[in-house]
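As provided, protein.txt (compact mmCIF, C-alpha atoms) reads as follows.
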```txt
# COMPACT_ATOMS: atom_id res chain seq x y z
CA MET A 1 13.71 -22.15 7.72
CA GLU A 2 17.26 -23.19 6.98
CA TYR A 3 18.10 -24.87 3.70
CA GLU A 4 20.94 -27.06 2.55
CA MET A 5 23.01 -25.03 0.09
CA GLU A 6 23.59 -28.15 -1.95
CA GLU A 7 19.84 -28.56 -2.55
CA LEU A 8 19.43 -24.90 -3.45
CA ILE A 9 22.30 -25.03 -5.93
CA THR A 10 20.66 -28.05 -7.58
CA ILE A 11 17.44 -26.05 -8.05
CA VAL A 12 19.45 -23.09 -9.36
CA GLY A 13 21.09 -25.42 -11.87
CA ARG A 14 17.73 -26.62 -13.16
CA LEU A 15 16.41 -23.08 -13.40
CA ALA A 16 19.60 -22.00 -15.17
CA GLU A 17 19.05 -24.71 -17.78
CA LYS A 18 15.60 -23.31 -18.48
CA TYR A 19 17.00 -19.79 -18.60
CA ASN A 20 19.63 -20.85 -21.14
CA ALA A 21 17.10 -23.01 -22.98
CA HIS A 22 19.24 -26.11 -22.27
CA GLU A 23 22.24 -24.60 -24.03
CA SER A 24 25.72 -24.82 -22.52
CA THR A 25 26.10 -21.06 -22.41
CA SER A 26 28.07 -19.96 -19.37
CA MET A 27 26.25 -17.86 -16.79
CA THR A 28 27.57 -14.84 -14.93
CA TYR A 29 27.78 -14.82 -11.17
CA GLU A 30 25.26 -11.95 -11.08
CA LYS A 31 22.71 -13.95 -13.08
CA ALA A 32 23.21 -17.04 -10.91
CA GLU A 33 22.69 -14.86 -7.83
CA GLN A 34 19.51 -13.48 -9.38
CA LEU A 35 18.19 -17.01 -9.94
CA MET A 36 19.05 -17.96 -6.36
CA GLU A 37 17.07 -14.94 -5.13
CA ALA A 38 14.18 -15.98 -7.38
CA ILE A 39 14.14 -19.44 -5.83
CA LEU A 40 14.31 -18.10 -2.27
CA TYR A 41 11.49 -15.66 -3.10
CA CYS A 42 9.25 -18.53 -4.22
CA ILE A 43 10.17 -20.66 -1.21
CA HIS A 44 9.25 -17.72 1.02
CA GLU A 45 5.85 -17.57 -0.71
CA THR A 46 5.26 -21.20 0.28
CA GLU A 47 6.32 -20.43 3.85
CA GLN A 48 3.84 -17.56 3.94
CA PHE A 49 0.86 -19.11 2.18
CA GLY A 50 1.46 -22.85 1.85
CA ASP A 51 0.42 -25.81 3.98
CA SER A 52 1.46 -24.52 7.40
CA PHE A 53 1.69 -28.00 8.93
CA MET A 54 3.96 -29.45 6.25
CA VAL A 55 6.11 -26.31 6.15
CA SER A 56 6.53 -26.03 9.93
CA ALA A 57 7.13 -29.74 10.24
CA GLY A 58 9.82 -29.54 7.58
CA THR A 59 8.32 -32.45 5.63
CA MET A 60 7.99 -30.62 2.31
CA PRO A 61 11.05 -31.04 0.07
CA ILE A 62 12.75 -27.79 -0.92
CA GLN A 63 12.17 -28.48 -4.62
CA ARG A 64 8.46 -28.84 -3.92
CA MET A 65 8.44 -25.68 -1.80
CA TYR A 66 9.94 -23.81 -4.73
CA GLU A 67 7.40 -25.22 -7.19
CA VAL A 68 4.45 -24.43 -4.93
CA GLY A 69 5.79 -20.92 -4.33
CA ALA A 70 6.17 -20.33 -8.04
CA LEU A 71 2.50 -21.22 -8.48
CA TYR A 72 1.57 -18.78 -5.70
CA VAL A 73 3.50 -16.06 -7.53
CA GLU A 74 1.65 -16.82 -10.77
CA LYS A 75 -1.73 -16.77 -9.03
CA LYS A 76 -0.93 -13.50 -7.25
CA VAL A 77 0.03 -11.84 -10.54
CA LYS A 78 -3.34 -12.81 -12.01
CA LYS A 79 -5.15 -11.69 -8.85
CA ALA A 80 -3.35 -8.33 -8.86
CA LEU A 81 -4.02 -7.78 -12.58
CA ASP A 82 -7.70 -8.66 -12.20
CA LEU A 83 -8.04 -6.24 -9.27
CA TYR A 84 -6.22 -3.52 -11.20
CA ASN A 85 -8.44 -3.91 -14.28
CA GLU A 86 -11.52 -3.93 -12.07
CA MET A 87 -10.51 -0.58 -10.55
CA LEU A 88 -9.60 1.25 -13.76
CA PRO A 89 -13.10 2.26 -14.99
CA THR A 90 -13.91 4.19 -11.79
CA PHE A 91 -10.39 5.27 -10.78
CA VAL A 92 -10.02 8.98 -9.93
CA TYR A 93 -6.62 10.64 -9.42
CA TYR A 94 -7.95 14.11 -8.48
CA GLY A 95 -5.45 15.89 -10.70
CA ASN A 96 -2.42 14.56 -8.81
CA ARG A 97 0.30 13.62 -11.30
CA CYS A 98 2.23 11.38 -8.93
CA LEU A 99 -0.80 9.16 -8.33
CA TYR A 100 -1.64 9.15 -12.04
CA ASP A 101 1.88 8.33 -13.17
CA THR A 102 2.32 5.58 -10.59
CA PHE A 103 -1.04 3.86 -10.97
CA ILE A 104 -2.13 4.58 -14.54
CA LYS A 105 1.22 4.72 -16.33
CA GLY A 106 3.40 2.56 -14.10
CA MET A 107 1.25 -0.49 -13.39
CA PRO A 108 0.84 -1.61 -17.02
CA GLU A 109 4.63 -1.44 -17.37
CA PHE A 110 5.03 -3.70 -14.36
CA PHE A 111 2.69 -6.35 -15.74
CA LYS A 112 4.34 -6.04 -19.13
CA TRP A 113 7.89 -6.61 -17.91
CA TYR A 114 7.50 -8.65 -14.71
CA ASP A 115 9.43 -11.92 -14.97
CA MET A 116 7.66 -14.28 -12.60
CA ARG A 117 9.91 -17.23 -13.44
CA PHE A 118 13.44 -15.84 -13.46
CA GLU A 119 13.13 -12.66 -11.36
CA PRO A 120 9.94 -12.60 -9.29
CA GLN A 121 11.72 -10.61 -6.57
CA ASN A 122 12.05 -7.55 -8.82
CA THR A 123 9.43 -4.89 -8.04
CA ILE A 124 10.48 -2.98 -11.21
CA LEU A 125 8.52 0.15 -10.22
CA THR A 126 9.70 2.67 -7.64
CA LEU A 127 6.08 3.31 -6.55
CA ASP A 128 6.64 7.03 -6.02
CA TYR A 129 3.12 7.61 -4.74
CA PRO A 130 3.16 6.89 -0.97
CA VAL A 131 0.39 4.83 0.60
CA MET A 132 -0.66 4.98 4.25
CA LYS A 133 0.45 1.43 5.01
CA ASP A 134 4.12 0.52 5.35
CA ILE A 135 4.83 -1.89 2.49
CA SER A 136 8.61 -1.40 2.49
CA GLY A 137 9.14 -4.99 3.63
CA TYR A 138 7.60 -6.40 0.45
CA THR A 139 9.18 -6.92 -2.97
CA GLY A 140 8.10 -8.19 -6.36
CA ILE A 141 4.45 -9.05 -6.94
CA ASP A 142 3.84 -9.04 -3.17
CA LYS A 143 4.63 -5.33 -3.02
CA ILE A 144 2.66 -4.51 -6.17
CA TYR A 145 -0.36 -6.44 -4.90
CA GLU A 146 -0.25 -4.72 -1.51
CA PHE A 147 0.05 -1.35 -3.25
CA ILE A 148 -2.99 -2.01 -5.45
CA VAL A 149 -5.01 -3.11 -2.41
CA CYS A 150 -4.04 0.11 -0.61
CA ILE A 151 -5.10 2.23 -3.58
CA ARG A 152 -8.39 0.32 -3.79
CA LEU A 153 -9.11 1.13 -0.13
CA GLU A 154 -8.16 4.77 -0.65
CA GLN A 155 -10.49 5.03 -3.64
CA LYS A 156 -13.26 3.47 -1.56
CA PHE A 157 -12.69 6.02 1.20
CA LEU A 158 -12.57 9.00 -1.15
CA ASN A 159 -15.51 7.89 -3.27
CA ILE A 160 -18.17 9.08 -0.80
CA PHE A 161 -16.95 12.68 -1.11
CA PRO A 162 -17.73 14.89 -4.12
CA LYS A 163 -14.67 15.33 -6.33
CA ASP A 164 -14.76 19.13 -5.98
CA TYR A 165 -14.83 18.76 -2.18
CA ILE A 166 -11.65 16.68 -2.23
CA ILE A 167 -9.89 18.99 -4.65
CA ASN A 168 -10.76 21.95 -2.41
CA ILE A 169 -9.20 20.16 0.60
CA LEU A 170 -6.09 19.37 -1.44
CA PHE A 171 -5.86 22.98 -2.64
CA GLN A 172 -6.13 24.27 0.92
CA TYR A 173 -3.37 21.86 1.93
CA ASN A 174 -1.09 22.67 -1.01
CA ARG A 175 -1.90 25.10 -3.80
CA LYS A 176 0.33 23.00 -6.04
CA TYR A 177 -1.37 19.75 -5.09
CA GLU A 178 -1.13 18.52 -8.69
CA ASP A 179 2.64 18.19 -8.28
CA MET A 180 2.90 17.12 -4.66
CA ILE A 181 4.13 13.68 -3.61
CA ASP A 182 1.82 13.25 -0.63
CA ASN A 183 -0.93 10.76 0.08
CA ILE A 184 -4.30 12.23 -0.92
CA CYS A 185 -6.31 9.89 1.30
CA GLU A 186 -4.31 10.88 4.38
CA ILE A 187 -4.89 14.60 3.71
CA VAL A 188 -8.66 14.12 3.40
CA PHE A 189 -8.66 11.76 6.39
CA MET A 190 -6.92 14.42 8.47
CA ALA A 191 -9.66 16.87 7.47
CA VAL A 192 -12.23 14.33 8.68
CA ILE A 193 -10.35 14.02 11.98
CA GLY A 194 -10.36 17.81 12.35
CA HIS A 195 -14.12 17.96 11.87
CA ILE A 196 -14.64 15.09 14.32
CA LEU A 197 -12.60 16.83 17.02
CA ALA A 198 -14.36 20.14 16.32
CA GLY A 199 -17.77 18.46 16.43
CA LYS A 200 -18.65 19.86 13.01
CA SER A 201 -20.32 18.28 10.00
CA LEU A 202 -18.01 17.50 7.08
CA LEU A 203 -20.14 19.84 4.97
CA GLU A 204 -19.30 22.81 7.20
CA ASP A 205 -16.12 24.84 6.89
CA LEU A 206 -14.04 25.09 10.04
CA GLU A 207 -13.88 28.57 11.57
CA GLU A 208 -11.30 30.11 13.87
CA ALA A 209 -13.28 29.07 16.92
CA ASP A 210 -13.19 25.47 15.70
CA TYR A 211 -9.42 25.48 15.32
CA LEU A 212 -9.08 26.92 18.82
CA LYS A 213 -11.40 24.23 20.16
CA VAL A 214 -9.34 21.45 18.53
CA GLN A 215 -6.12 23.09 19.71
CA LYS A 216 -7.42 23.15 23.30
CA ILE A 217 -8.48 19.48 23.15
CA VAL A 218 -5.18 18.29 21.70
CA ARG A 219 -3.04 20.37 24.07
CA GLU A 220 -4.87 19.26 27.20
CA VAL A 221 -5.21 15.57 26.41
CA GLY A 222 -2.39 13.03 26.12
CA LEU A 223 -1.55 11.18 22.89
CA CYS A 224 -3.07 7.92 24.16
CA GLU A 225 -6.33 9.63 25.07
CA ILE A 226 -6.51 11.35 21.67
CA LYS A 227 -5.89 8.05 19.91
CA GLU A 228 -8.58 6.27 21.91
CA LYS A 229 -11.12 9.02 21.25
CA LEU A 230 -10.37 9.12 17.54
CA LYS A 231 -10.34 5.34 17.23
CA ASN A 232 -13.90 5.17 18.56
CA GLU A 233 -15.11 8.09 16.45
CA ILE A 234 -13.50 6.76 13.27
CA GLU A 235 -15.03 3.34 13.85
CA ILE A 236 -18.46 5.02 14.05
CA PHE A 237 -17.65 7.06 10.92
CA VAL A 238 -16.63 4.00 8.90
CA GLN A 239 -19.66 2.04 10.09
CA ARG A 240 -21.99 4.87 9.12
CA TYR A 241 -20.62 5.52 5.64
CA TYR A 242 -19.00 2.25 4.57
CA GLY A 243 -20.87 -0.43 6.50
CA ASN A 244 -18.97 -3.22 8.18
CA CYS A 245 -15.68 -2.66 6.31
CA GLY A 246 -13.03 -3.80 8.75
CA GLU A 247 -10.38 -3.73 6.03
CA LEU A 248 -10.90 0.00 5.45
CA LEU A 249 -11.00 0.73 9.18
CA GLU A 250 -7.72 -1.11 9.67
CA TYR A 251 -6.13 0.77 6.77
CA LEU A 252 -7.21 4.18 8.01
CA THR A 253 -5.99 3.54 11.53
CA CYS A 254 -2.63 2.00 10.54
CA SER A 255 -1.06 5.45 10.22
CA MET A 256 -2.91 7.03 13.12
CA ASP A 257 0.08 7.18 15.46
CA SER A 258 2.10 9.38 13.11
CA MET A 259 -0.96 11.50 12.31
CA ILE A 260 -1.64 12.14 16.00
CA VAL A 261 1.97 13.18 16.57
CA ARG A 262 1.69 15.65 13.67
CA LEU A 263 -1.62 16.88 15.08
CA LYS A 264 -0.07 17.39 18.51
CA ASN A 265 2.89 19.30 17.04
CA ALA A 266 0.58 21.49 14.97
CA ALA A 267 -1.56 22.27 18.03
CA ASP A 268 1.51 23.16 20.10
CA ASN A 269 2.81 25.41 17.31
CA GLY A 270 -0.56 27.00 16.52
CA SER A 271 -0.50 25.70 12.94
CA LEU A 272 -3.64 23.54 12.80
CA HIS A 273 -4.83 25.56 9.80
CA GLN A 274 -2.19 23.75 7.75
CA MET A 275 -3.51 20.34 8.80
CA PHE A 276 -7.19 20.68 7.82
```

Let's see the structure in the file written out as structure tokens.
Amino acid sequence: MEYEMEELITIVGRLAEKYNAHESTSMTYEKAEQLMEAILYCIHETEQFGDSFMVSAGTMPIQRMYEVGALYVEKKVKKALDLYNEMLPTFVYYGNRCLYDTFIKGMPEFFKWYDMRFEPQNTILTLDYPVMKDISGYTGIDKIYEFIVCIRLEQKFLNIFPKDYIINILFQYNRKYEDMIDNICEIVFMAVIGHILAGKSLLEDLEEADYLKVQKIVREVGLCEIKEKLKNEIEIFVQRYYGNCGELLEYLTCSMDSMIVRLKNAADNGSLHQMF
């Protein structure tokens, strides 16, 4: 939507008064710009989650859109914090420092310093641990919430495997897995894909014949055919071990295109052993 600058400046002025506690202290251009971004962030929240009819019809005043959006931000902070605290007792980081530092050390700092009134657009954390979903388009509490949801799904996926099994896969992938900045879930998921293509149980180690079998399949079949085959097999896998969890299935398949390309390159180069 397009907004009248005059209306936005009025809202900035009111927010600036609250920021200065109604004092006549002058405000820097940078701080005024920050407050403008805060207001636009909240308005965007209303556009995303508010009354779609009123928003699309343009009948909701901008001041009201800002106020509603600010409430959405507040609710999302509480929702994210509740989800985070719910996950903590059973959270496992499998010895990976990047995951531990980002989720265990970083998240409390975000909730401690996040300014939902005057700077809700600030994500604060760099979120060094990469998730399988692209969340680069989010900022502030939206990005933190999406990140926590991704980690929750990854923990759900990994939870069915024994811890030692996962650590062994990580060690085979990178002997210094404790220090790597790679997604743990994706590494284990790739191992699952390898076993699916080889027709082997997850409890069985892949042998040279299995790698050659997978290499032959990947080399002879196009990317679209591989994706379709894996999509069906993964759907069966998720149904069998996680029930009707469409959210997890969607998360696992969101990075499938890039994983298949890597799989194809590894098969062409004879380096499938490094994949799973």

If you count all atoms listed in the file, which residues fall within 12 Å of A:Gln34, apart from same-chain ones fewer than 4 positions away, as number ranges by chain?
A: 12, 15-16, 19, 27-30, 38-41, 115, 117-122

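The residue that comes closest to A:Glu208, out of A:Tyr66, A:Tyr94, A:Phe276, A:Phe161 and on the basis of all atoms listed in the file, is A:Phe276.
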
Skipping near chain neighbours, those fewer than 5 positions away, what residues fall within 12 Å of A:Met116 using all atoms listed in the file, listed as a JSON list (two decimals) with C-alpha atoms, in the frame of the given file?
```json
[["chain", "number", "residue", "atom", "x", "y", "z"],
["A", 35, "LEU", "CA", 18.19, -17.01, -9.94],
["A", 38, "ALA", "CA", 14.18, -15.98, -7.38],
["A", 39, "ILE", "CA", 14.14, -19.44, -5.83],
["A", 41, "TYR", "CA", 11.49, -15.66, -3.10],
["A", 42, "CYS", "CA", 9.25, -18.53, -4.22],
["A", 69, "GLY", "CA", 5.79, -20.92, -4.33],
["A", 70, "ALA", "CA", 6.17, -20.33, -8.04],
["A", 71, "LEU", "CA", 2.50, -21.22, -8.48],
["A", 72, "TYR", "CA", 1.57, -18.78, -5.70],
["A", 73, "VAL", "CA", 3.50, -16.06, -7.53],
["A", 74, "GLU", "CA", 1.65, -16.82, -10.77],
["A", 75, "LYS", "CA", -1.73, -16.77, -9.03],
["A", 76, "LYS", "CA", -0.93, -13.50, -7.25],
["A", 77, "VAL", "CA", 0.03, -11.84, -10.54],
["A", 78, "LYS", "CA", -3.34, -12.81, -12.01],
["A", 110, "PHE", "CA", 5.03, -3.70, -14.36],
["A", 111, "PHE", "CA", 2.69, -6.35, -15.74],
["A", 121, "GLN", "CA", 11.72, -10.61, -6.57],
["A", 122, "ASN", "CA", 12.05, -7.55, -8.82],
["A", 123, "THR", "CA", 9.43, -4.89, -8.04],
["A", 124, "ILE", "CA", 10.48, -2.98, -11.21],
["A", 140, "GLY", "CA", 8.10, -8.19, -6.36],
["A", 141, "ILE", "CA", 4.45, -9.05, -6.94],
["A", 142, "ASP", "CA", 3.84, -9.04, -3.17]]
```

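Pairwise distance (atom CA of A:Ile135, atom CA of A:Glu109) equals 19.9 Å.
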
Give me, please, the distance in Å between atom CA of A:Asp134 and atom CA of A:Lys105, quoted to one decimal.
22.3 Å

Could you give me the centre and size, in Å to one decimal, of an axis-aligned box around all listed atoms of stretch 221-236 of chain A with 6 Å added on every side, as JSON?
```
{"center_x": -10.0, "center_y": 9.5, "center_z": 19.8, "size_x": 28.9, "size_y": 24.2, "size_z": 25.1}
```

Of A:Leu81, A:Ile43, A:Leu249, A:Val92, the one sitting nearest A:Lys112 when using all atoms listed in the file is A:Leu81

Using atom CA of A:Thr46 and atom CA of A:Thr59 as the two end points, give the distance in Å to one decimal.
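Calculated distance between atom CA of A:Thr46 and atom CA of A:Thr59 is 12.8 Å.
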
When distances are computed from all atoms listed in the file, which of A:Arg240, A:Arg97, A:His195, A:Lys227 shows the smallest separation from A:Asp182?
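Smallest distance to A:Asp182 is found for A:Arg97.
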
Pick from A:Ile169, A:Leu153, A:Leu8, A:Ile260: nearest to A:Gln274, with all atoms listed in the file counted?
A:Ile169

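Restricting the calculation to only C-alpha atoms, the smallest distance between A:Ile166 and any of A:Gln48, A:Asn244, A:Asn96, A:Thr90 is found for A:Asn96.
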
Compare A:Ile148, A:Tyr242, A:Lys264, A:Leu203 by their minimum atom-to-atom distance to A:Gly222, counting all atoms listed in the file, and give me the closest one.
A:Lys264

Please provide as a PyMOL selection string all residues within 12 Å of stretch 231-237 of chain A, with the sequence filter that same-chain residues fewer than 4 positions apart are discarded (counting only C-alpha atoms).
chain A and resi 157+160+189-190+192-197+199+201-202+223-227+241-257+260

Please produce stretch 124-158 of chain A, completed to N, CA and C atoms, as an mmCIF file, in the frame of the given file.
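Writing the result to out_20.cif gives the following:
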```
data_model
loop_
_atom_site.group_PDB
_atom_site.id
_atom_site.type_symbol
_atom_site.label_atom_id
_atom_site.label_comp_id
_atom_site.auth_asym_id
_atom_site.auth_seq_id
_atom_site.Cartn_x
_atom_site.Cartn_y
_atom_site.Cartn_z
ATOM 1 N N ILE A 124 10.404 -3.757 -9.952
ATOM 2 C CA ILE A 124 10.480 -2.980 -11.210
ATOM 3 C C ILE A 124 10.140 -1.517 -10.987
ATOM 4 N N LEU A 125 8.957 -1.232 -10.426
ATOM 5 C CA LEU A 125 8.520 0.150 -10.220
ATOM 6 C C LEU A 125 9.060 0.714 -8.911
ATOM 7 N N THR A 126 9.272 2.023 -8.879
ATOM 8 C CA THR A 126 9.700 2.670 -7.640
ATOM 9 C C THR A 126 8.512 3.024 -6.742
ATOM 10 N N LEU A 127 7.291 2.992 -7.308
ATOM 11 C CA LEU A 127 6.080 3.310 -6.550
ATOM 12 C C LEU A 127 6.227 4.642 -5.822
ATOM 13 N N ASP A 128 6.388 5.701 -6.594
ATOM 14 C CA ASP A 128 6.640 7.030 -6.020
ATOM 15 C C ASP A 128 5.481 7.540 -5.174
ATOM 16 N N TYR A 129 4.260 7.148 -5.527
ATOM 17 C CA TYR A 129 3.120 7.610 -4.740
ATOM 18 C C TYR A 129 3.087 6.847 -3.412
ATOM 19 N N PRO A 130 3.118 7.563 -2.280
ATOM 20 C CA PRO A 130 3.160 6.890 -0.970
ATOM 21 C C PRO A 130 1.769 6.467 -0.508
ATOM 22 N N VAL A 131 1.657 5.267 0.013
ATOM 23 C CA VAL A 131 0.390 4.830 0.600
ATOM 24 C C VAL A 131 0.490 4.930 2.119
ATOM 25 N N MET A 132 -0.632 4.783 2.801
ATOM 26 C CA MET A 132 -0.660 4.980 4.250
ATOM 27 C C MET A 132 -0.124 3.778 5.017
ATOM 28 N N LYS A 133 -0.066 2.635 4.369
ATOM 29 C CA LYS A 133 0.450 1.430 5.010
ATOM 30 C C LYS A 133 1.925 1.255 4.666
ATOM 31 N N ASP A 134 2.707 0.771 5.610
ATOM 32 C CA ASP A 134 4.120 0.520 5.350
ATOM 33 C C ASP A 134 4.265 -0.796 4.577
ATOM 34 N N ILE A 135 4.646 -0.693 3.308
ATOM 35 C CA ILE A 135 4.830 -1.890 2.490
ATOM 36 C C ILE A 135 6.298 -2.039 2.084
ATOM 37 N N SER A 136 7.180 -1.378 2.822
ATOM 38 C CA SER A 136 8.610 -1.400 2.490
ATOM 39 C C SER A 136 9.227 -2.786 2.636
ATOM 40 N N GLY A 137 8.581 -3.657 3.425
ATOM 41 C CA GLY A 137 9.140 -4.990 3.630
ATOM 42 C C GLY A 137 8.803 -5.966 2.513
ATOM 43 N N TYR A 138 7.991 -5.526 1.551
ATOM 44 C CA TYR A 138 7.600 -6.400 0.450
ATOM 45 C C TYR A 138 8.450 -6.107 -0.791
ATOM 46 N N THR A 139 8.534 -7.098 -1.668
ATOM 47 C CA THR A 139 9.180 -6.920 -2.970
ATOM 48 C C THR A 139 8.384 -7.681 -4.019
ATOM 49 N N GLY A 140 8.724 -7.441 -5.285
ATOM 50 C CA GLY A 140 8.100 -8.190 -6.360
ATOM 51 C C GLY A 140 6.590 -8.030 -6.407
ATOM 52 N N ILE A 141 5.906 -9.097 -6.810
ATOM 53 C CA ILE A 141 4.450 -9.050 -6.940
ATOM 54 C C ILE A 141 3.780 -8.840 -5.592
ATOM 55 N N ASP A 142 4.421 -9.271 -4.500
ATOM 56 C CA ASP A 142 3.840 -9.040 -3.170
ATOM 57 C C ASP A 142 3.666 -7.551 -2.902
ATOM 58 N N LYS A 143 4.682 -6.769 -3.261
ATOM 59 C CA LYS A 143 4.630 -5.330 -3.020
ATOM 60 C C LYS A 143 3.611 -4.662 -3.950
ATOM 61 N N ILE A 144 3.603 -5.077 -5.204
ATOM 62 C CA ILE A 144 2.660 -4.510 -6.170
ATOM 63 C C ILE A 144 1.227 -4.828 -5.751
ATOM 64 N N TYR A 145 0.992 -6.053 -5.322
ATOM 65 C CA TYR A 145 -0.360 -6.440 -4.900
ATOM 66 C C TYR A 145 -0.800 -5.629 -3.682
ATOM 67 N N GLU A 146 0.082 -5.499 -2.697
ATOM 68 C CA GLU A 146 -0.250 -4.720 -1.510
ATOM 69 C C GLU A 146 -0.532 -3.260 -1.878
ATOM 70 N N PHE A 147 0.243 -2.727 -2.808
ATOM 71 C CA PHE A 147 0.050 -1.350 -3.250
ATOM 72 C C PHE A 147 -1.325 -1.178 -3.901
ATOM 73 N N ILE A 148 -1.692 -2.090 -4.772
ATOM 74 C CA ILE A 148 -2.990 -2.010 -5.450
ATOM 75 C C ILE A 148 -4.127 -2.099 -4.442
ATOM 76 N N VAL A 149 -3.988 -2.988 -3.453
ATOM 77 C CA VAL A 149 -5.010 -3.110 -2.410
ATOM 78 C C VAL A 149 -5.149 -1.810 -1.631
ATOM 79 N N CYS A 150 -4.014 -1.181 -1.326
ATOM 80 C CA CYS A 150 -4.040 0.110 -0.610
ATOM 81 C C CYS A 150 -4.752 1.175 -1.434
ATOM 82 N N ILE A 151 -4.456 1.242 -2.718
ATOM 83 C CA ILE A 151 -5.100 2.230 -3.580
ATOM 84 C C ILE A 151 -6.597 1.957 -3.687
ATOM 85 N N ARG A 152 -6.972 0.679 -3.744
ATOM 86 C CA ARG A 152 -8.390 0.320 -3.790
ATOM 87 C C ARG A 152 -9.113 0.831 -2.541
ATOM 88 N N LEU A 153 -8.502 0.666 -1.379
ATOM 89 C CA LEU A 153 -9.110 1.130 -0.130
ATOM 90 C C LEU A 153 -9.187 2.652 -0.094
ATOM 91 N N GLU A 154 -8.154 3.307 -0.615
ATOM 92 C CA GLU A 154 -8.160 4.770 -0.650
ATOM 93 C C GLU A 154 -9.266 5.283 -1.574
ATOM 94 N N GLN A 155 -9.426 4.638 -2.718
ATOM 95 C CA GLN A 155 -10.490 5.030 -3.640
ATOM 96 C C GLN A 155 -11.862 4.825 -3.006
ATOM 97 N N LYS A 156 -12.002 3.750 -2.260
ATOM 98 C CA LYS A 156 -13.260 3.470 -1.560
ATOM 99 C C LYS A 156 -13.555 4.568 -0.541
ATOM 100 N N PHE A 157 -12.526 4.965 0.197
ATOM 101 C CA PHE A 157 -12.690 6.020 1.200
ATOM 102 C C PHE A 157 -13.069 7.345 0.548
ATOM 103 N N LEU A 158 -12.368 7.702 -0.505
ATOM 104 C CA LEU A 158 -12.570 9.000 -1.150
ATOM 105 C C LEU A 158 -13.864 9.068 -1.950
#
```
